[in-house]
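Chemist: Contents are TSV, C-alpha atoms; file name input.tsv:
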chain	number	residue	atom	x	y	z
A	1449	MET	CA	38.96	-3.83	-71.44
A	1450	ASN	CA	41.43	-6.11	-72.69
A	1451	GLN	CA	42.78	-8.67	-70.32
A	1452	ARG	CA	42.05	-11.88	-72.02
A	1453	ASN	CA	41.61	-15.33	-70.62
A	1454	VAL	CA	44.05	-18.04	-71.65
A	1455	LYS	CA	42.31	-18.50	-74.96
A	1456	LYS	CA	42.98	-14.90	-76.06
A	1457	ILE	CA	44.74	-11.98	-74.65
A	1458	SER	CA	43.26	-10.75	-75.40
A	1459	SER	CA	25.98	8.48	-66.15
A	1460	CYS	CA	23.41	10.09	-68.28
A	1461	LEU	CA	26.36	12.36	-68.97
A	1462	LEU	CA	28.09	13.98	-66.03
A	1463	GLY	CA	26.08	16.92	-64.98
A	1464	ALA	CA	22.82	16.86	-66.92
A	1465	CYS	CA	23.19	13.24	-68.01
A	1466	LEU	CA	24.11	11.52	-64.75
A	1467	ALA	CA	20.81	9.71	-64.65
A	1468	ILE	CA	21.79	7.30	-67.43
A	1469	GLY	CA	25.23	6.51	-66.19
A	1470	LEU	CA	27.42	8.47	-68.48
A	1471	ILE	CA	29.69	9.51	-66.10
A	1472	SER	CA	34.19	0.16	-68.30
A	1473	CYS	CA	40.86	-4.21	-70.39
A	1474	GLY	CA	37.40	-6.05	-70.84
A	1475	GLY	CA	37.68	-8.24	-67.91
A	1476	SER	CA	39.86	-10.65	-66.34
A	1477	ARG	CA	38.05	-13.06	-66.55
A	1478	SER	CA	37.16	-15.07	-63.60
A	1479	GLY	CA	35.23	-14.70	-60.38
A	1480	GLN	CA	36.65	-12.18	-57.98
A	1481	ASP	CA	37.46	-12.02	-54.28
A	1482	HIS	CA	35.64	-9.07	-52.77
A	1483	SER	CA	37.78	-8.60	-49.66
A	1484	ALA	CA	39.05	-5.06	-49.34
A	1485	VAL	CA	42.46	-4.02	-48.13
A	1486	ASN	CA	41.40	-0.73	-46.58
A	1487	ASP	CA	39.72	-0.21	-43.24
A	1488	SER	CA	37.13	2.53	-43.17
A	1489	ILE	CA	38.48	5.65	-41.48
A	1490	SER	CA	35.93	8.28	-40.48
A	1491	GLY	CA	35.83	10.88	-43.24
A	1492	TYR	CA	38.57	9.20	-45.26
A	1493	TYR	CA	39.15	6.22	-47.53
A	1494	THR	CA	42.13	4.47	-49.09
A	1495	ASN	CA	42.71	2.69	-52.38
A	1496	PRO	CA	42.09	0.06	-53.52
A	1497	LEU	CA	38.39	-0.06	-52.69
A	1498	LEU	CA	38.37	-3.85	-53.07
A	1499	GLU	CA	41.31	-6.21	-53.33
A	1500	LYS	CA	40.16	-7.38	-56.76
A	1501	GLY	CA	37.75	-6.14	-59.40
A	1502	PRO	CA	38.58	-5.21	-63.01
A	1503	ASP	CA	36.54	-2.83	-65.17
A	1504	PRO	CA	34.82	-0.99	-62.28
A	1505	TRP	CA	31.61	0.92	-62.94
A	1506	ALA	CA	29.53	3.09	-60.60
A	1507	ILE	CA	26.48	5.31	-60.95
A	1508	LEU	CA	24.75	7.56	-58.40
A	1509	HIS	CA	20.95	7.44	-58.54
A	1510	ASP	CA	18.60	8.96	-55.95
A	1511	GLY	CA	21.35	9.07	-53.34
A	1512	VAL	CA	22.44	5.45	-53.85
A	1513	TYR	CA	25.56	4.22	-55.65
A	1514	TYR	CA	25.23	1.12	-57.81
A	1515	TYR	CA	28.50	-0.63	-58.64
A	1516	MET	CA	29.60	-3.50	-60.90
A	1517	HIS	CA	32.82	-5.08	-62.14
A	1518	THR	CA	33.83	-8.04	-64.26
A	1519	MET	CA	33.10	-11.38	-62.61
A	1520	GLY	CA	33.50	-13.61	-65.67
A	1521	ASP	CA	30.62	-16.06	-65.27
A	1522	LYS	CA	27.84	-13.89	-63.79
A	1523	LEU	CA	26.71	-10.34	-63.17
A	1524	VAL	CA	26.76	-9.01	-59.61
A	1525	LEU	CA	25.33	-5.67	-58.48
A	1526	TRP	CA	26.45	-3.74	-55.38
A	1527	ARG	CA	24.59	-0.86	-53.73
A	1528	THR	CA	25.70	1.56	-51.05
A	1529	THR	CA	25.41	5.19	-49.98
A	1530	ASP	CA	29.24	5.27	-49.65
A	1531	VAL	CA	30.97	4.15	-52.83
A	1532	THR	CA	34.35	4.28	-51.08
A	1533	ASP	CA	33.20	1.54	-48.67
A	1534	LEU	CA	32.42	-1.19	-51.19
A	1535	LYS	CA	33.66	-3.93	-48.87
A	1536	ASN	CA	30.54	-3.37	-46.73
A	1537	ALA	CA	28.12	-2.78	-49.61
A	1538	GLU	CA	25.09	-4.98	-50.16
A	1539	GLN	CA	25.49	-7.17	-53.21
A	1540	LYS	CA	23.24	-9.38	-55.31
A	1541	THR	CA	23.79	-11.73	-58.25
A	1542	VAL	CA	21.36	-10.40	-60.86
A	1543	TRP	CA	22.23	-12.58	-63.87
A	1544	VAL	CA	23.66	-16.02	-64.51
A	1545	PRO	CA	23.58	-16.81	-68.24
A	1546	THR	CA	22.26	-20.11	-69.53
A	1547	GLU	CA	22.28	-19.62	-73.30
A	1548	GLU	CA	25.42	-20.98	-74.94
A	1549	SER	CA	25.90	-17.91	-77.14
A	1550	ASN	CA	26.52	-15.59	-74.17
A	1551	LYS	CA	27.43	-17.92	-71.34
A	1552	TYR	CA	31.16	-17.25	-71.11
A	1553	ASP	CA	33.60	-14.42	-70.43
A	1554	LEU	CA	31.12	-11.81	-69.23
A	1555	TRP	CA	33.10	-8.58	-69.33
A	1556	ALA	CA	32.72	-4.97	-68.21
A	1557	PRO	CA	29.09	-4.77	-67.05
A	1558	GLU	CA	27.52	-1.33	-66.67
A	1559	ILE	CA	24.14	-0.45	-65.17
A	1560	HIS	CA	22.26	2.59	-66.50
A	1561	TYR	CA	18.90	4.17	-65.67
A	1562	ILE	CA	17.32	5.18	-68.97
A	1563	ARG	CA	13.78	6.39	-69.55
A	1564	ASN	CA	12.35	4.91	-66.35
A	1565	ALA	CA	13.99	1.49	-66.57
A	1566	TRP	CA	17.30	-0.10	-65.60
A	1567	TYR	CA	19.60	-1.57	-68.24
A	1568	ILE	CA	22.78	-3.61	-67.84
A	1569	TYR	CA	25.16	-3.69	-70.79
A	1570	TYR	CA	27.92	-6.31	-70.97
A	1571	ALA	CA	29.95	-8.37	-73.43
A	1572	ALA	CA	29.98	-12.18	-73.58
A	1573	ASP	CA	30.81	-15.05	-75.91
A	1574	ASP	CA	30.13	-18.73	-76.63
A	1575	GLY	CA	33.45	-19.96	-75.27
A	1576	ASN	CA	35.46	-18.51	-78.18
A	1577	THR	CA	36.56	-15.02	-77.25
A	1578	ASP	CA	36.72	-14.06	-80.94
A	1579	ASN	CA	32.92	-14.22	-80.84
A	1580	HIS	CA	32.40	-11.55	-78.18
A	1581	GLN	CA	29.22	-9.53	-78.67
A	1582	LEU	CA	27.26	-6.92	-76.70
A	1583	TYR	CA	24.14	-7.86	-74.72
A	1584	VAL	CA	21.60	-5.86	-72.72
A	1585	LEU	CA	19.28	-6.74	-69.84
A	1586	GLU	CA	16.23	-4.74	-68.69
A	1587	ASN	CA	14.55	-4.31	-65.30
A	1588	LYS	CA	11.50	-2.02	-65.12
A	1589	ASN	CA	11.38	-1.97	-61.32
A	1590	ALA	CA	12.33	1.36	-59.74
A	1591	ASP	CA	14.74	-0.53	-57.48
A	1592	PRO	CA	17.21	-2.66	-59.47
A	1593	PHE	CA	17.60	-4.96	-56.47
A	1594	GLU	CA	13.92	-5.83	-56.87
A	1595	GLY	CA	12.04	-7.11	-59.88
A	1596	GLU	CA	13.93	-9.17	-62.46
A	1597	PHE	CA	16.49	-8.46	-65.15
A	1598	VAL	CA	15.38	-9.99	-68.43
A	1599	MET	CA	17.36	-10.40	-71.63
A	1600	LYS	CA	16.46	-7.79	-74.24
A	1601	GLY	CA	18.92	-9.40	-76.64
A	1602	ARG	CA	22.18	-8.91	-78.47
A	1603	ILE	CA	22.94	-5.45	-79.80
A	1604	SER	CA	23.88	-5.86	-83.45
A	1605	THR	CA	26.71	-3.41	-84.07
A	1606	ASP	CA	27.35	-4.11	-87.77
A	1607	LYS	CA	26.11	-6.40	-90.54
A	1608	ASP	CA	29.12	-8.72	-90.23
A	1609	ASN	CA	28.71	-9.15	-86.46
A	1610	ASN	CA	32.28	-8.12	-85.77
A	1611	TRP	CA	33.71	-8.51	-82.28
A	1612	ALA	CA	32.26	-5.91	-79.90
A	1613	ILE	CA	32.91	-5.22	-76.20
A	1614	ASP	CA	32.74	-2.43	-73.58
A	1615	GLY	CA	29.42	-0.86	-74.50
A	1616	SER	CA	28.45	2.38	-72.75
A	1617	VAL	CA	25.53	4.72	-73.42
A	1618	PHE	CA	24.85	8.43	-73.02
A	1619	GLU	CA	22.34	11.07	-74.02
A	1620	ASN	CA	23.07	14.37	-75.72
A	1621	ASN	CA	20.59	16.91	-77.13
A	1622	GLY	CA	17.73	14.47	-76.73
A	1623	LYS	CA	19.47	11.64	-78.61
A	1624	LEU	CA	20.74	8.38	-77.14
A	1625	TYR	CA	24.15	7.09	-78.22
A	1626	MET	CA	26.25	4.00	-77.66
A	1627	VAL	CA	30.05	3.83	-77.74
A	1628	TRP	CA	32.04	0.59	-77.69
A	1629	SER	CA	35.25	-1.16	-78.70
A	1630	GLY	CA	35.24	-3.39	-81.77
A	1631	TRP	CA	37.08	-4.83	-84.72
A	1632	GLN	CA	36.89	-3.37	-88.20
A	1633	THR	CA	37.20	-6.89	-89.59
A	1634	ARG	CA	37.64	-10.28	-87.97
A	1635	ARG	CA	41.13	-10.93	-86.65
A	1636	VAL	CA	43.52	-12.96	-88.79
A	1637	ASP	CA	47.03	-12.49	-87.40
A	1638	THR	CA	46.78	-8.99	-85.88
A	1639	GLU	CA	44.00	-7.72	-83.65
A	1640	THR	CA	43.10	-4.04	-83.71
A	1641	GLN	CA	40.44	-2.73	-81.34
A	1642	CYS	CA	38.81	0.55	-82.31
A	1643	ILE	CA	36.32	2.92	-80.71
A	1644	TYR	CA	32.91	3.21	-82.40
A	1645	ILE	CA	29.81	5.35	-81.86
A	1646	ALA	CA	26.23	4.96	-83.10
A	1647	GLU	CA	22.88	6.55	-82.39
A	1648	MET	CA	20.30	4.34	-80.67
A	1649	ALA	CA	16.62	3.89	-81.51
A	1650	ASN	CA	16.01	2.62	-77.98
A	1651	PRO	CA	18.24	1.26	-75.19
A	1652	TRP	CA	18.65	-2.11	-76.95
A	1653	THR	CA	18.77	-1.21	-80.67
A	1654	LEU	CA	21.10	0.90	-82.78
A	1655	ALA	CA	19.50	3.40	-85.15
A	1656	SER	CA	22.55	4.19	-87.28
A	1657	GLU	CA	25.57	2.54	-88.81
A	1658	ARG	CA	28.60	2.35	-86.55
A	1659	VAL	CA	31.11	5.18	-86.96
A	1660	LEU	CA	34.80	4.72	-86.20
A	1661	ILE	CA	36.14	7.62	-84.10
A	1662	SER	CA	39.48	6.22	-82.86
A	1663	LYS	CA	41.94	3.47	-83.62
A	1664	PRO	CA	45.31	2.75	-81.96
A	1665	GLU	CA	47.72	4.71	-84.14
A	1666	LEU	CA	49.87	6.59	-81.62
A	1667	GLU	CA	52.96	4.98	-80.09
A	1668	TRP	CA	51.58	4.99	-76.54
A	1669	GLU	CA	48.41	3.21	-77.76
A	1670	ARG	CA	50.28	0.25	-79.27
A	1671	HIS	CA	52.14	-1.44	-76.39
A	1672	TYR	CA	51.32	-5.13	-76.41
A	1673	LYS	CA	54.60	-6.66	-75.24
A	1674	ASN	CA	55.28	-7.06	-71.54
A	1675	GLU	CA	59.05	-7.28	-71.25
A	1676	GLU	CA	58.76	-8.56	-67.68
A	1677	GLY	CA	55.89	-11.01	-68.12
A	1678	TRP	CA	53.35	-12.64	-70.35
A	1679	THR	CA	52.98	-11.40	-73.92
A	1680	PRO	CA	50.40	-12.53	-76.51
A	1681	SER	CA	51.46	-14.77	-79.36
A	1682	TYR	CA	50.19	-12.25	-81.91
A	1683	ILE	CA	49.97	-8.46	-82.14
A	1684	ILE	CA	47.11	-6.78	-80.28
A	1685	TYR	CA	46.63	-3.03	-80.60
A	1686	VAL	CA	44.06	-1.69	-78.15
A	1687	ASN	CA	41.52	1.10	-77.93
A	1688	GLU	CA	38.76	0.02	-75.53
A	1689	GLY	CA	36.60	0.89	-72.51
A	1690	PRO	CA	35.14	4.18	-73.88
A	1691	GLN	CA	33.52	6.27	-71.13
A	1692	PRO	CA	31.56	9.44	-72.03
A	1693	LEU	CA	31.95	12.50	-69.82
A	1694	LYS	CA	30.13	15.80	-70.33
A	1695	SER	CA	32.38	18.72	-69.50
A	1696	SER	CA	31.68	20.87	-66.47
A	1697	THR	CA	30.05	23.66	-68.49
A	1698	GLY	CA	28.38	21.33	-70.98
A	1699	LYS	CA	30.50	22.62	-73.84
A	1700	TYR	CA	32.13	19.30	-74.75
A	1701	ILE	CA	31.49	15.61	-74.87
A	1702	HIS	CA	34.68	13.88	-73.78
A	1703	ILE	CA	35.24	10.15	-74.15
A	1704	ALA	CA	37.98	8.65	-72.00
A	1705	TYR	CA	39.25	5.36	-73.41
A	1706	SER	CA	41.88	2.78	-72.51
A	1707	ALA	CA	44.84	2.05	-74.77
A	1708	SER	CA	47.64	-0.56	-74.99
A	1709	GLY	CA	47.40	-4.03	-73.50
A	1710	CYS	CA	46.06	-4.20	-69.96
A	1711	TRP	CA	48.47	-7.09	-69.32
A	1712	THR	CA	51.24	-4.49	-69.62
A	1713	PRO	CA	52.08	-1.66	-67.19
A	1714	TYR	CA	51.49	0.77	-70.08
A	1715	TYR	CA	47.68	0.51	-70.06
A	1716	ALA	CA	46.60	4.16	-69.96
A	1717	LEU	CA	43.73	6.55	-70.68
A	1718	GLY	CA	43.38	8.74	-73.74
A	1719	LEU	CA	40.71	11.35	-74.43
A	1720	LEU	CA	38.45	12.02	-77.42
A	1721	THR	CA	36.63	15.36	-77.49
A	1722	ALA	CA	33.76	16.77	-79.54
A	1723	ASP	CA	31.73	19.96	-79.26
A	1724	ALA	CA	28.41	19.03	-77.63
A	1725	GLN	CA	26.53	20.81	-80.44
A	1726	SER	CA	28.43	19.05	-83.24
A	1727	ASN	CA	27.40	15.99	-85.24
A	1728	LEU	CA	28.72	13.23	-82.99
A	1729	LEU	CA	28.39	10.73	-85.85
A	1730	ASP	CA	30.91	12.66	-87.94
A	1731	PRO	CA	34.46	11.39	-87.26
A	1732	LYS	CA	35.76	14.89	-88.01
A	1733	SER	CA	33.93	16.17	-84.90
A	1734	TRP	CA	36.30	14.22	-82.65
A	1735	ARG	CA	39.80	15.27	-81.56
A	1736	LYS	CA	42.21	12.87	-79.87
A	1737	SER	CA	44.71	13.66	-77.09
A	1738	GLN	CA	48.22	13.08	-78.39
A	1739	THR	CA	49.49	11.88	-75.03
A	1740	PRO	CA	47.87	9.85	-72.22
A	1741	VAL	CA	45.67	11.81	-69.82
A	1742	PHE	CA	46.06	9.23	-67.01
A	1743	LYS	CA	48.76	6.58	-66.78
A	1744	GLN	CA	50.86	4.40	-64.48
A	1745	ASN	CA	52.77	5.93	-61.56
A	1746	PRO	CA	55.82	3.68	-61.04
A	1747	GLU	CA	57.20	5.94	-58.32
A	1748	VAL	CA	54.39	4.87	-56.00
A	1749	GLY	CA	53.92	1.35	-57.39
A	1750	VAL	CA	50.70	1.76	-59.40
A	1751	TYR	CA	50.61	0.14	-62.85
A	1752	GLY	CA	48.20	-0.63	-65.67
A	1753	THR	CA	45.75	2.18	-64.88
A	1754	GLY	CA	42.65	2.08	-67.05
A	1755	HIS	CA	39.14	0.90	-67.85
A	1756	ASN	CA	37.56	3.69	-65.88
A	1757	SER	CA	34.16	5.17	-65.18
A	1758	PHE	CA	33.05	8.43	-63.57
A	1759	PHE	CA	30.78	9.39	-60.69
A	1760	MET	CA	29.88	12.49	-58.69
A	1761	SER	CA	29.78	13.13	-54.98
A	1762	PRO	CA	26.33	12.83	-53.35
A	1763	ASP	CA	26.00	16.63	-53.22
A	1764	SER	CA	27.03	16.98	-56.90
A	1765	THR	CA	29.97	19.27	-56.13
A	1766	GLU	CA	32.86	16.90	-56.88
A	1767	TYR	CA	33.86	14.69	-59.81
A	1768	TYR	CA	35.58	11.32	-59.37
A	1769	ILE	CA	37.33	8.88	-61.64
A	1770	LEU	CA	36.95	5.17	-60.84
A	1771	TYR	CA	39.56	2.92	-62.45
A	1772	HIS	CA	41.42	-0.33	-62.02
A	1773	ALA	CA	45.16	-0.76	-61.54
A	1774	ARG	CA	47.76	-3.22	-60.25
A	1775	ASP	CA	50.46	-2.95	-57.60
A	1776	THR	CA	53.02	-4.77	-59.75
A	1777	GLN	CA	54.38	-4.37	-63.29
A	1778	VAL	CA	53.78	-8.05	-63.88
A	1779	ASP	CA	50.56	-9.67	-62.79
A	1780	PRO	CA	51.68	-12.61	-60.62
A	1781	GLU	CA	48.46	-14.41	-61.51
A	1782	GLY	CA	49.21	-14.04	-65.21
A	1783	MET	CA	45.97	-12.70	-66.66
A	1784	GLY	CA	44.88	-9.61	-64.82
A	1785	ASP	CA	43.16	-11.02	-61.76
A	1786	THR	CA	45.07	-8.67	-59.47
A	1787	ARG	CA	43.49	-5.56	-60.95
A	1788	SER	CA	41.66	-3.67	-58.23
A	1789	PRO	CA	39.17	-0.75	-58.26
A	1790	ARG	CA	40.42	2.66	-57.12
A	1791	ALA	CA	38.86	6.12	-56.99
A	1792	GLN	CA	40.12	9.68	-56.74
A	1793	LYS	CA	38.79	13.18	-57.24
A	1794	PHE	CA	39.57	15.13	-60.42
A	1795	THR	CA	39.12	18.74	-61.49
A	1796	TRP	CA	38.60	20.80	-64.66
A	1797	ASP	CA	40.98	23.21	-66.34
A	1798	GLU	CA	40.10	26.62	-67.77
A	1799	ASN	CA	39.37	25.05	-71.17
A	1800	ASP	CA	36.77	22.63	-69.78
A	1801	PHE	CA	39.02	19.59	-70.02
A	1802	PRO	CA	39.34	17.09	-67.15
A	1803	VAL	CA	42.53	17.05	-65.09
A	1804	PHE	CA	42.88	13.53	-63.71
A	1805	GLY	CA	46.30	13.97	-62.10
A	1806	THR	CA	48.31	10.87	-61.26
A	1807	PRO	CA	47.28	7.62	-59.55
A	1808	VAL	CA	47.77	7.77	-55.80
A	1809	ALA	CA	49.62	5.08	-53.89
A	1810	ARG	CA	47.96	2.25	-52.03
A	1811	ASP	CA	46.78	3.11	-48.51
A	1812	VAL	CA	47.12	6.90	-48.86
A	1813	LYS	CA	44.29	8.58	-46.90
A	1814	LEU	CA	41.89	10.48	-49.17
A	1815	LYS	CA	38.88	12.55	-48.13
A	1816	LYS	CA	35.57	10.86	-48.84
A	1817	PRO	CA	33.36	12.46	-51.51
A	1818	SER	CA	31.51	15.54	-50.31
A	1819	GLY	CA	28.19	14.56	-48.78
A	1820	ILE	CA	29.42	11.23	-47.40
A	1821	ASP	CA	29.99	11.15	-43.64
Would you mind writing the file out in structure tokens?
Modeler:
Amino acid sequence: MNQRNVKKISSCLLGACLAIGLISCGGSRSGQDHSAVNDSISGYYTNPLLEKGPDPWAILHDGVYYYMHTMGDKLVLWRTTDVTDLKNAEQKTVWVPTEESNKYDLWAPEIHYIRNAWYIYYAADDGNTDNHQLYVLENKNADPFEGEFVMKGRISTDKDNNWAIDGSVFENNGKLYMVWSGWQTRRVDTETQCIYIAEMANPWTLASERVLISKPELEWERHYKNEEGWTPSYIIYVNEGPQPLKSSTGKYIHIAYSASGCWTPYYALGLLTADAQSNLLDPKSWRKSQTPVFKQNPEVGVYGTGHNSFFMSPDSTEYYILYHARDTQVDPEGMGDTRSPRAQKFTWDENDFPVFGTPVARDVKLKKPSGID
């Protein structure tokens, strides 16, 4: 989640956990144009799904897809029975912040249905991006387009209130967990974003200390220079956008995460994996992929692939990855505003690991998810 504004550069699990949205570079960080480049073709769709929209998130609930992406100054919710036709989806602004502490740079919103209520998780700050924190809203109405989202508060992730973004939640063995991207200590001259996990007491409160399960140590996780374009004035190493994914047989909990700067073409996905029966709060339970599991495809002009989420087809027979990418190595708008949401089907290998393949080119016809006309 890391495209920064000028001031910084900075469901339930798939299968059994889909109901709480297990299956979001932090956001560019301005309002987005929702015009789509693809015309709906009967039975098919093309990428991108919208012309702009970083940090895309979607969840299927009772036959309806709910979708969000970073807007910067507000939270907007889409709903549709065809997630590949977002340009025609109904949309509603569900939150415009007024409190100074969380009024700016709203990044990577996610909507989850947890224990009979809707929750939206997002990051925001007070105008200084170094002060980003996680916030959660609640709506007890069965239909999130009805009722009202109310602020439950800031989620305190550690005693020092270190920078925290990209919160996502999931349930495993009856316990609720949150994963997010944060700093070990406040930035001085180098910024290092790490992936953390904690158990939750309820959807708005952590019940355990945060546990570090990944930091950007591998070469492919540490690209922050863009040789062809804008580069930050200080070093930024990135692990962000953690997205939990229960394996097809339920054997593993995978966490896909984004690494390297999203202002570079090298933004890519890595994978953390733990046995579903292990202690998820033990760092030793987690294994990291040594190479990216999903990355740019220069041959077809797709760059900066990352900050993903997952959804299933309406008939629950197919798995999809939803991610953002750019059509150019260098963002002509400078700070990530050309990132657009894209979706494609993925499969599982014989070891119960996801096979995401490679990003497909713009305007290639893809079959709509099974169960969508």
Chemist: Work out how far apart CA of Lys1663 in chain A and CA of Ala1612 in chain A are and give it in Å to one decimal.
Modeler: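 Straight-line distance from CA of Lys1663 in chain A to CA of Ala1612 in chain A works out to 14.0 Å.
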Chemist: Taking all atoms listed in the file into account, which of A:Asn1621, A:Tyr1569, A:Pro1496, A:Gly1511 comes nearest Pro1807 in chain A?
Modeler: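 Result for the nearest residue to Pro1807 in chain A: A:Pro1496.
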Chemist: Please measure the separation of CA of Ile1645 in chain A and CA of Gln1691 in chain A, giving the value in Å to one decimal.
Modeler: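 Separation between CA of Ile1645 in chain A and CA of Gln1691 in chain A: 11.4 Å.
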Chemist: Restricting the calculation to all atoms listed in the file, which member of A:Arg1790, A:His1755, A:Arg1810, A:His1671 is positioned closest to Val1686 in chain A?
Modeler: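 Using all atoms listed in the file, Val1686 in chain A sits closest to A:His1671.
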Chemist: Could you pull the residues within 7 Å of range 1699-1707 of chain A, counting all atoms listed in the file, minus those fewer than 2 positions along the same chain, as a list in words?
Modeler: Glu1669, Val1686, Asn1687, Glu1688, Gly1689, Pro1690, Gln1691, Pro1692, Leu1693, Lys1694, Ser1695, Thr1697, Gly1709, Tyr1715, Ala1716, Leu1717, Gly1718, Leu1719, Leu1720, Thr1721, Ala1722, Asp1723, Ala1724, Gly1754 and His1755 of chain A
Chemist: Using only C-alpha atoms, pick whichever of A:Thr1529, A:Ser1656, A:Asn1610, A:Asn1564 has the shortest atom-to-atom distance to Pro1817 in chain A.
Modeler: A:Thr1529
Chemist: Work out how far apart CA of Glu1548 in chain A and CA of Thr1518 in chain A are and give it in Å to one decimal.
Modeler: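 Spanning CA of Glu1548 in chain A to CA of Thr1518 in chain A is a straight-line distance of 18.8 Å.
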Chemist: For a quick check of understanding, using all atoms listed in the file, which of A:Phe1758, A:Val1748, A:Thr1640, A:Asn1576 has the smallest distance to Val1812 in chain A?
Modeler: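 Ranking A:Phe1758, A:Val1748, A:Thr1640, A:Asn1576 by distance to Val1812 in chain A, first place goes to A:Val1748.
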Chemist: Just checking: using all atoms listed in the file, which residue out of A:Trp1543, A:Tyr1514, A:Tyr1771, A:Tyr1583 ends up closest to Asp1530 in chain A?
Modeler: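 Among the listed residues, A:Tyr1514 lies closest to Asp1530 in chain A.
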Chemist: Could you please fill out range 1579-1592 of chain A with N, CA, C and O atoms and send it back as a PDB file, in the frame of the given file?
Modeler:
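Below is the file that was written, part10.pdb:
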ATOM      1  N   ASN A1579      34.344 -14.401 -80.578  1.00  0.00           N
ATOM      2  CA  ASN A1579      32.920 -14.220 -80.840  1.00  0.00           C
ATOM      3  C   ASN A1579      32.236 -13.301 -79.838  1.00  0.00           C
ATOM      4  O   ASN A1579      31.015 -13.328 -79.700  1.00  0.00           O
ATOM      5  N   HIS A1580      33.003 -12.475 -79.147  1.00  0.00           N
ATOM      6  CA  HIS A1580      32.400 -11.550 -78.180  1.00  0.00           C
ATOM      7  C   HIS A1580      31.407 -10.600 -78.851  1.00  0.00           C
ATOM      8  O   HIS A1580      31.685 -10.035 -79.920  1.00  0.00           O
ATOM      9  N   GLN A1581      30.258 -10.440 -78.200  1.00  0.00           N
ATOM     10  CA  GLN A1581      29.220  -9.530 -78.670  1.00  0.00           C
ATOM     11  C   GLN A1581      28.637  -8.788 -77.468  1.00  0.00           C
ATOM     12  O   GLN A1581      28.848  -9.172 -76.319  1.00  0.00           O
ATOM     13  N   LEU A1582      27.882  -7.723 -77.748  1.00  0.00           N
ATOM     14  CA  LEU A1582      27.260  -6.920 -76.700  1.00  0.00           C
ATOM     15  C   LEU A1582      25.834  -7.404 -76.428  1.00  0.00           C
ATOM     16  O   LEU A1582      25.082  -7.702 -77.361  1.00  0.00           O
ATOM     17  N   TYR A1583      25.470  -7.437 -75.146  1.00  0.00           N
ATOM     18  CA  TYR A1583      24.140  -7.860 -74.720  1.00  0.00           C
ATOM     19  C   TYR A1583      23.579  -6.837 -73.741  1.00  0.00           C
ATOM     20  O   TYR A1583      24.334  -6.100 -73.085  1.00  0.00           O
ATOM     21  N   VAL A1584      22.239  -6.805 -73.629  1.00  0.00           N
ATOM     22  CA  VAL A1584      21.600  -5.860 -72.720  1.00  0.00           C
ATOM     23  C   VAL A1584      20.448  -6.537 -71.991  1.00  0.00           C
ATOM     24  O   VAL A1584      19.688  -7.311 -72.577  1.00  0.00           O
ATOM     25  N   LEU A1585      20.357  -6.258 -70.693  1.00  0.00           N
ATOM     26  CA  LEU A1585      19.280  -6.740 -69.840  1.00  0.00           C
ATOM     27  C   LEU A1585      18.422  -5.547 -69.411  1.00  0.00           C
ATOM     28  O   LEU A1585      18.916  -4.422 -69.308  1.00  0.00           O
ATOM     29  N   GLU A1586      17.148  -5.804 -69.106  1.00  0.00           N
ATOM     30  CA  GLU A1586      16.230  -4.740 -68.690  1.00  0.00           C
ATOM     31  C   GLU A1586      15.521  -5.136 -67.403  1.00  0.00           C
ATOM     32  O   GLU A1586      15.147  -6.292 -67.213  1.00  0.00           O
ATOM     33  N   ASN A1587      15.342  -4.145 -66.510  1.00  0.00           N
ATOM     34  CA  ASN A1587      14.550  -4.310 -65.300  1.00  0.00           C
ATOM     35  C   ASN A1587      13.711  -3.052 -65.138  1.00  0.00           C
ATOM     36  O   ASN A1587      14.240  -1.956 -64.960  1.00  0.00           O
ATOM     37  N   LYS A1588      12.384  -3.184 -65.190  1.00  0.00           N
ATOM     38  CA  LYS A1588      11.500  -2.020 -65.120  1.00  0.00           C
ATOM     39  C   LYS A1588      11.142  -1.608 -63.703  1.00  0.00           C
ATOM     40  O   LYS A1588      10.429  -0.622 -63.505  1.00  0.00           O
ATOM     41  N   ASN A1589      11.638  -2.343 -62.705  1.00  0.00           N
ATOM     42  CA  ASN A1589      11.380  -1.970 -61.320  1.00  0.00           C
ATOM     43  C   ASN A1589      12.180  -0.728 -60.962  1.00  0.00           C
ATOM     44  O   ASN A1589      13.318  -0.549 -61.410  1.00  0.00           O
ATOM     45  N   ALA A1590      11.629   0.137 -60.147  1.00  0.00           N
ATOM     46  CA  ALA A1590      12.330   1.360 -59.740  1.00  0.00           C
ATOM     47  C   ALA A1590      13.589   1.050 -58.945  1.00  0.00           C
ATOM     48  O   ALA A1590      14.548   1.826 -58.949  1.00  0.00           O
ATOM     49  N   ASP A1591      13.594  -0.080 -58.258  1.00  0.00           N
ATOM     50  CA  ASP A1591      14.740  -0.530 -57.480  1.00  0.00           C
ATOM     51  C   ASP A1591      15.369  -1.707 -58.202  1.00  0.00           C
ATOM     52  O   ASP A1591      14.760  -2.761 -58.324  1.00  0.00           O
ATOM     53  N   PRO A1592      16.610  -1.564 -58.709  1.00  0.00           N
ATOM     54  CA  PRO A1592      17.210  -2.660 -59.470  1.00  0.00           C
ATOM     55  C   PRO A1592      17.514  -3.894 -58.648  1.00  0.00           C
ATOM     56  O   PRO A1592      17.812  -4.951 -59.213  1.00  0.00           O
TER      57      PRO A1592
END
